[in-house]
>>> print(open('model32.cif').read())   # mmCIF, C-alpha atoms
data_upload
#
loop_
_atom_site.label_atom_id
_atom_site.label_comp_id
_atom_site.auth_asym_id
_atom_site.auth_seq_id
_atom_site.Cartn_x
_atom_site.Cartn_y
_atom_site.Cartn_z
CA MET O 296 -17.05 18.34 17.57
CA ALA O 297 -15.04 21.01 15.83
CA SER O 298 -12.03 18.70 15.60
CA ARG O 299 -13.82 16.68 12.89
CA GLU O 300 -13.31 19.65 10.57
CA ARG O 301 -9.58 19.18 11.06
CA PHE O 302 -9.49 15.78 9.32
CA ALA O 303 -9.14 15.27 5.58
CA PHE O 304 -9.72 11.84 4.03
CA VAL O 305 -7.49 11.38 0.99
CA LEU O 306 -8.16 8.62 -1.54
CA PHE O 307 -5.02 8.05 -3.62
CA ARG O 308 -5.89 7.00 -7.18
CA PRO O 309 -9.19 5.29 -6.35
CA GLN O 310 -10.24 3.02 -9.21
CA SER O 311 -13.96 2.62 -8.46
CA ALA O 312 -16.50 5.41 -8.61
CA GLY O 313 -18.67 3.29 -6.36
CA ASN O 314 -15.99 3.31 -3.67
CA ILE O 315 -15.73 7.08 -3.94
CA GLY O 316 -19.46 7.42 -3.37
CA ALA O 317 -19.45 4.89 -0.53
CA ALA O 318 -16.55 6.72 1.11
CA ALA O 319 -18.53 9.99 0.93
CA ARG O 320 -21.47 8.28 2.63
CA ALA O 321 -19.18 6.85 5.34
CA LEU O 322 -17.77 10.29 6.08
CA LYS O 323 -21.22 11.86 6.39
CA ASN O 324 -22.33 9.00 8.66
CA MET O 325 -19.50 9.86 11.05
CA GLY O 326 -19.68 13.65 10.78
CA PHE O 327 -16.76 14.35 8.42
CA ASP O 328 -16.93 16.14 5.08
CA ASP O 329 -13.41 16.77 3.72
CA LEU O 330 -12.97 14.20 0.95
CA ARG O 331 -9.96 14.53 -1.35
CA LEU O 332 -9.29 12.50 -4.49
CA VAL O 333 -5.83 12.14 -6.00
CA ALA O 334 -5.87 11.32 -9.72
CA PRO O 335 -9.01 9.17 -9.52
CA GLY O 336 -9.31 6.46 -12.17
CA THR O 337 -12.98 7.32 -12.70
CA LEU O 338 -15.46 9.94 -11.57
CA ASN O 339 -18.62 8.31 -12.94
CA SER O 340 -21.10 10.63 -11.26
CA ARG O 341 -24.06 8.26 -11.61
CA GLU O 342 -22.31 5.31 -9.94
CA ALA O 343 -20.73 7.49 -7.25
CA ALA O 344 -24.03 9.25 -6.52
CA ALA O 345 -25.86 5.93 -6.24
CA MET O 346 -23.42 4.74 -3.55
CA ALA O 347 -23.29 8.10 -1.77
CA VAL O 348 -27.11 8.03 -1.21
CA HIS O 349 -27.79 11.09 1.01
CA ALA O 350 -24.14 12.18 1.13
CA ASP O 351 -24.31 13.85 -2.28
CA ASP O 352 -23.21 17.13 -0.66
CA VAL O 353 -19.96 15.54 0.58
CA LEU O 354 -19.41 14.02 -2.86
CA ALA O 355 -20.08 17.34 -4.61
CA ARG O 356 -17.53 19.14 -2.41
CA ALA O 357 -14.82 16.51 -2.93
CA THR O 358 -11.66 18.10 -4.30
CA VAL O 359 -9.45 16.52 -6.96
CA TYR O 360 -5.65 16.83 -6.93
CA PRO O 361 -3.04 15.83 -9.53
CA ASP O 362 -0.68 14.25 -7.00
CA LEU O 363 -0.43 13.30 -3.35
CA ALA O 364 1.91 16.14 -2.38
CA ALA O 365 -0.66 18.69 -3.55
CA ALA O 366 -3.43 16.99 -1.57
CA LEU O 367 -1.31 17.11 1.61
CA ALA O 368 0.14 20.61 1.21
CA ASP O 369 -2.08 22.27 3.85
CA CYS O 370 -1.87 19.38 6.35
CA SER O 371 0.44 19.31 9.36
CA VAL O 372 0.23 15.55 9.81
CA ALA O 373 -0.21 12.91 7.09
CA VAL O 374 -1.26 9.45 8.25
CA GLY O 375 -0.82 6.56 5.84
CA THR O 376 -2.95 3.43 6.10
CA THR O 377 -1.52 -0.05 5.53
CA SER O 378 -2.56 -3.66 5.99
CA ARG O 379 0.90 -5.03 5.18
CA ARG O 380 3.74 -5.32 7.71
CA GLY O 381 7.51 -5.35 7.51
CA GLY O 382 10.07 -2.65 6.71
CA TYR O 383 8.70 0.85 7.21
CA ARG O 384 5.25 -0.60 7.86
CA SER O 385 6.31 -2.35 11.06
CA ARG O 386 5.98 1.07 12.74
CA ALA O 387 2.25 1.26 12.03
CA TYR O 388 0.07 1.90 15.10
CA PRO O 389 -3.24 0.10 15.65
CA LEU O 390 -6.08 2.40 14.64
CA ARG O 391 -7.78 2.71 18.04
CA VAL O 392 -4.55 3.72 19.76
CA ALA O 393 -3.69 6.19 17.01
CA ALA O 394 -7.20 7.70 16.91
CA ALA O 395 -6.99 9.00 20.47
CA GLU O 396 -3.61 10.60 19.82
CA LEU O 397 -4.75 12.18 16.56
CA GLU O 398 -7.86 13.58 18.21
CA ALA O 399 -5.67 15.15 20.89
CA ILE O 400 -3.71 17.22 18.35
CA ALA O 401 -6.54 17.90 15.88
CA GLY O 402 -7.73 21.07 17.58
CA SER O 403 -5.05 23.23 15.98
CA ASN O 404 -3.71 21.05 13.17
CA LYS O 405 -5.04 19.74 9.86
CA ILE O 406 -4.62 15.97 9.67
CA ALA O 407 -4.82 13.88 6.50
CA ILE O 408 -5.73 10.19 6.52
CA VAL O 409 -4.40 8.64 3.30
CA PHE O 410 -5.88 5.53 1.69
CA GLY O 411 -4.26 3.72 -1.25
CA ARG O 412 -5.53 2.06 -4.40
CA GLU O 413 -8.04 -0.74 -4.11
CA ASP O 414 -5.69 -3.33 -5.65
CA ARG O 415 -2.38 -2.59 -3.88
CA GLY O 416 -2.76 0.15 -1.30
CA LEU O 417 0.02 2.67 -0.76
CA THR O 418 3.52 1.93 -2.02
CA ASN O 419 6.68 2.96 -0.18
CA ARG O 420 6.93 5.94 -2.54
CA GLU O 421 3.60 7.30 -1.29
CA LEU O 422 4.38 6.42 2.32
CA LYS O 423 7.42 8.71 2.12
CA LEU O 424 4.96 11.62 2.17
CA CYS O 425 3.29 10.29 5.34
CA ASN O 426 4.84 10.88 8.75
CA ARG O 427 2.67 8.40 10.65
CA LEU O 428 1.25 4.99 9.79
CA ILE O 429 -1.85 3.23 11.07
CA THR O 430 -3.26 -0.23 10.54
CA ILE O 431 -6.73 -1.69 11.12
CA PRO O 432 -6.41 -4.94 13.09
CA THR O 433 -8.08 -7.77 11.16
CA ALA O 434 -7.98 -11.56 10.97
CA ALA O 435 -4.49 -12.65 9.93
CA GLU O 436 -5.75 -14.97 7.19
CA TYR O 437 -7.51 -12.12 5.32
CA PRO O 438 -6.30 -8.67 6.43
CA SER O 439 -7.25 -6.60 3.35
CA LEU O 440 -10.35 -4.41 3.59
CA ASN O 441 -12.38 -2.85 0.80
CA LEU O 442 -11.48 0.83 0.38
CA ALA O 443 -14.86 2.18 1.53
CA GLN O 444 -14.86 -0.27 4.46
CA ALA O 445 -11.47 1.04 5.57
CA VAL O 446 -12.73 4.63 5.35
CA VAL O 447 -15.79 3.94 7.49
CA VAL O 448 -13.78 2.07 10.16
CA VAL O 449 -11.22 4.88 10.44
CA ALA O 450 -13.91 7.57 10.46
CA TYR O 451 -15.83 5.68 13.15
CA GLU O 452 -12.80 5.37 15.43
CA LEU O 453 -11.99 9.06 15.01
CA MET O 454 -15.61 9.98 15.78
CA MET O 455 -15.58 7.82 18.92
CA ALA O 456 -12.26 9.30 20.04
CA ALA O 457 -13.76 12.79 19.71
CA ASP O 458 -17.07 11.97 21.38
CA GLU O 459 -15.84 9.84 24.28
CA SER O 460 -12.75 11.67 25.49
CA ALA O 461 -13.24 14.99 27.25
CA ALA O 462 -9.58 14.90 28.18
CA ALA O 463 -8.65 14.74 24.51
CA ALA O 464 -10.75 17.86 23.86
CA ILE O 465 -8.87 19.73 26.59
CA GLU O 466 -5.53 18.64 25.16
CA ALA O 467 -6.63 19.68 21.68
CA ALA O 468 -7.20 23.24 22.90
CA ARG O 469 -3.70 23.29 24.37
CA ALA O 470 -1.97 21.56 21.47
CA PRO O 471 0.78 23.54 19.71
CA HIS O 472 0.23 24.65 16.14
CA PHE O 473 2.33 22.51 13.81
CA VAL O 474 3.43 23.66 10.36
CA ALA O 475 1.87 22.21 7.21
CA ALA O 476 3.64 19.82 4.86
CA ALA O 477 4.26 22.65 2.38
CA ILE O 478 6.65 24.12 4.98
CA SER O 479 8.11 20.98 6.57
CA ASP O 480 8.76 19.04 3.36
CA PRO O 481 11.27 21.56 1.90
CA MET O 482 13.11 21.49 5.25
CA LEU O 483 13.28 17.69 5.10
CA ALA O 484 14.68 17.90 1.57
CA ARG O 485 17.38 20.30 2.82
CA MET O 486 18.09 18.04 5.76
CA GLU O 487 18.50 15.05 3.44
CA GLN O 488 21.02 16.98 1.30
CA ALA O 489 22.89 18.09 4.41
CA LEU O 490 23.09 14.57 5.87
CA VAL O 491 24.34 13.26 2.53
CA SER O 492 26.97 16.03 2.43
CA ILE O 493 28.44 15.00 5.81
CA GLY O 494 28.30 11.29 4.97
CA PHE O 495 25.64 10.41 7.52
CA ILE O 496 23.40 8.82 4.89
CA PRO O 497 24.40 7.42 1.47
CA ASP O 498 23.42 9.50 -1.55
CA ASP O 499 22.31 6.38 -3.46
CA ASN O 500 19.85 5.21 -0.79
CA PRO O 501 18.79 7.97 1.62
CA ASP O 502 15.18 6.81 2.01
CA HIS O 503 15.64 4.31 4.85
CA ILE O 504 17.06 6.85 7.33
CA MET O 505 14.97 9.74 6.02
CA PHE O 506 11.78 7.77 6.56
CA ALA O 507 12.78 7.28 10.20
CA ILE O 508 13.61 10.99 10.55
CA ARG O 509 10.28 11.96 8.97
CA GLU O 510 8.54 9.64 11.41
CA ILE O 511 10.33 11.25 14.39
CA PHE O 512 9.23 14.72 13.32
CA GLY O 513 5.74 13.48 12.49
CA ARG O 514 5.38 11.95 15.94
CA SER O 515 6.44 15.11 17.73
CA GLY O 516 5.10 17.67 15.25
CA LEU O 517 7.07 20.76 14.17
CA THR O 518 6.36 24.39 14.97
CA ALA O 519 7.45 27.23 12.70
CA ARG O 520 10.32 28.08 15.06
CA GLU O 521 11.53 24.48 15.07
CA VAL O 522 11.50 24.33 11.27
CA GLU O 523 13.53 27.54 11.22
CA ILE O 524 16.12 25.98 13.54
CA LEU O 525 16.31 22.76 11.51
CA ASN O 526 16.71 24.74 8.27
CA GLY O 527 19.61 26.56 9.92
CA MET O 528 21.18 23.28 11.01
CA ALA O 529 20.90 21.91 7.47
CA ARG O 530 22.51 25.03 5.98
CA GLN O 531 25.34 24.93 8.53
CA MET O 532 26.04 21.25 7.91
CA ARG O 533 26.32 21.79 4.18
CA TRP O 534 28.48 24.86 4.68
CA ALA O 535 30.84 22.92 6.95
CA ALA O 536 30.95 19.93 4.62
CA GLU O 537 31.78 22.16 1.65
CA GLY O 538 34.82 23.72 3.30
CA GLY O 539 33.44 25.86 6.08
CA TYR O 540 35.04 23.60 8.69
CA ARG O 541 38.38 25.25 7.84
CA THR O 542 37.01 28.65 8.82
CA LEU O 543 35.71 27.17 12.08
CA ALA O 544 39.10 25.61 12.82
CA GLU O 545 40.86 28.93 12.22
CA LYS O 546 38.46 30.78 14.52
CA ARG O 547 38.97 28.23 17.27
CA ARG O 548 42.76 28.50 16.99
CA ALA O 549 42.49 32.28 17.13
CA GLY O 550 40.12 32.16 20.10
CA LYS O 551 37.40 33.95 18.16
CA LYS O 552 33.66 33.51 18.61
CA LEU O 553 32.19 30.96 16.22
CA ARG O 554 29.02 32.97 15.61
#
>>> encode(input="model32.cif", output="structure tokens")
Amino acid sequence: MASRERFAFVLFRPQSAGNIGAAARALKNMGFDDLRLVAPGTLNSREAAAMAVHADDVLARATVYPDLAAALADCSVAVGTTSRRGGYRSRAYPLRVAAAELEAIAGSNKIAIVFGREDRGLTNRELKLCNRLITIPTAAEYPSLNLAQAVVVVAYELMMAADESAAAAIEAARAPHFVAAAISDPMLARMEQALVSIGFIPDDNPDHIMFAIREIFGRSGLTAREVEILNGMARQMRWAAEGGYRTLAEKRRAGKKLR
């Protein structure tokens, strides 16, 4: 289905060329071909090609980025993967549940699935750039999957969600067009500054609340008009916090229009 073209698989700092090749093979097995590598530790073409087998075309088209923000810039939704729980990660959705929802919005939005390093996955710093989290249910005594294994499981569930749900295809055609991260992230930065300025979040630790806000927007998605409104709200909050409230008070006393 066309929606498979709307998914990008992002490997953040992969350490093994073999895993890169195996991930390329997994994507081709399931009908995907957008593989993105963020600061890979190695690009040994011989080892990667050996593991890619007949997916050498996917491997050859893989794009390399210097940082995660650059890899996600054209994506409306960034989905982080995690096997750990607690804190921010307690909001992670089981893969099968999330796959159906992602398929439903993929028709008009580019979606990135982000995988972390082989040895420690994604840290909270990287998860700040993701507005949704998913987890692959596994046995509690050994929850960690090999990187290429995680890629193939996620790709399989997304393929099944696309192939088995006609209703999801209909919803995809009707889904609103959400803005990419390159547009929403600057708004979130302005919103953070505005919320600090009015004392809603502390300036020395804004991440906890901002992660929740990012998740809210990621769950609903943001259109260009909505980003415009939120940018306006952020500007107005900062203006009021920096003395503009006096002007508002004077207008109210004088019975004047506020806008």
>>> closest_residue(input="model32.cif", among="O:Arg420, O:Lys546, O:Arg533, O:Arg379", to="Met486 in chain O", atoms="only C-alpha atoms")
O:Arg533
>>> resolve_selection(input="model32.cif", expression="the PyMOL selection byres ((chain O and resi 349) around 12)", output="PDB file with C-alpha atoms, in the coordinates of the input")
ATOM      1  CA  GLY O 316     -19.460   7.420  -3.370  1.00  0.00           C
ATOM      2  CA  ALA O 317     -19.450   4.890  -0.530  1.00  0.00           C
ATOM      3  CA  ALA O 319     -18.530   9.990   0.930  1.00  0.00           C
ATOM      4  CA  ARG O 320     -21.470   8.280   2.630  1.00  0.00           C
ATOM      5  CA  ALA O 321     -19.180   6.850   5.340  1.00  0.00           C
ATOM      6  CA  LEU O 322     -17.770  10.290   6.080  1.00  0.00           C
ATOM      7  CA  LYS O 323     -21.220  11.860   6.390  1.00  0.00           C
ATOM      8  CA  ASN O 324     -22.330   9.000   8.660  1.00  0.00           C
ATOM      9  CA  ALA O 343     -20.730   7.490  -7.250  1.00  0.00           C
ATOM     10  CA  ALA O 344     -24.030   9.250  -6.520  1.00  0.00           C
ATOM     11  CA  ALA O 345     -25.860   5.930  -6.240  1.00  0.00           C
ATOM     12  CA  MET O 346     -23.420   4.740  -3.550  1.00  0.00           C
ATOM     13  CA  ALA O 347     -23.290   8.100  -1.770  1.00  0.00           C
ATOM     14  CA  VAL O 348     -27.110   8.030  -1.210  1.00  0.00           C
ATOM     15  CA  ALA O 350     -24.140  12.180   1.130  1.00  0.00           C
ATOM     16  CA  ASP O 351     -24.310  13.850  -2.280  1.00  0.00           C
ATOM     17  CA  ASP O 352     -23.210  17.130  -0.660  1.00  0.00           C
ATOM     18  CA  VAL O 353     -19.960  15.540   0.580  1.00  0.00           C
ATOM     19  CA  LEU O 354     -19.410  14.020  -2.860  1.00  0.00           C
ATOM     20  CA  ALA O 355     -20.080  17.340  -4.610  1.00  0.00           C
TER      21      ALA O 355
END
>>> atom_distance(input="model32.cif", atom1="CA of Ala544 in chain O", atom2="CA of Ala529 in chain O")
19.3 Å
>>> resolve_selection(input="model32.cif", expression="the PyMOL selection byres ((chain O and resi 482) around 9)", output="ChimeraX atom specification")
/O:478-481,483-487,522-523,525-526,529
>>> closest_residue(input="model32.cif", among="O:Leu490, O:Val305, O:Ala401, O:Ile429", to="Ala334 in chain O", atoms="only C-alpha atoms")
O:Val305
>>> closest_residue(input="model32.cif", among="O:Leu422, O:Val474, O:Ala394, O:Met532", to="Ser515 in chain O", atoms="only C-alpha atoms")
O:Val474
>>> closest_residue(input="model32.cif", among="O:Thr542, O:Asn404, O:Thr418, O:Gln488", to="Met528 in chain O", atoms="all atoms listed in the file")
O:Gln488
>>> closest_residue(input="model32.cif", among="O:Val374, O:Leu442, O:Ile408, O:Ala395", to="Arg331 in chain O", atoms="all atoms listed in the file")
O:Ile408
>>> closest_residue(input="model32.cif", among="O:Gly416, O:Gly313, O:Pro389, O:Gly516", to="Ala476 in chain O", atoms="all atoms listed in the file")
O:Gly516
>>> atom_distance(input="model32.cif", atom1="CA of Met325 in chain O", atom2="CA of Ala457 in chain O")
10.8 Å
>>> atom_distance(input="model32.cif", atom1="CA of Met505 in chain O", atom2="CA of Ser492 in chain O")
14.0 Å
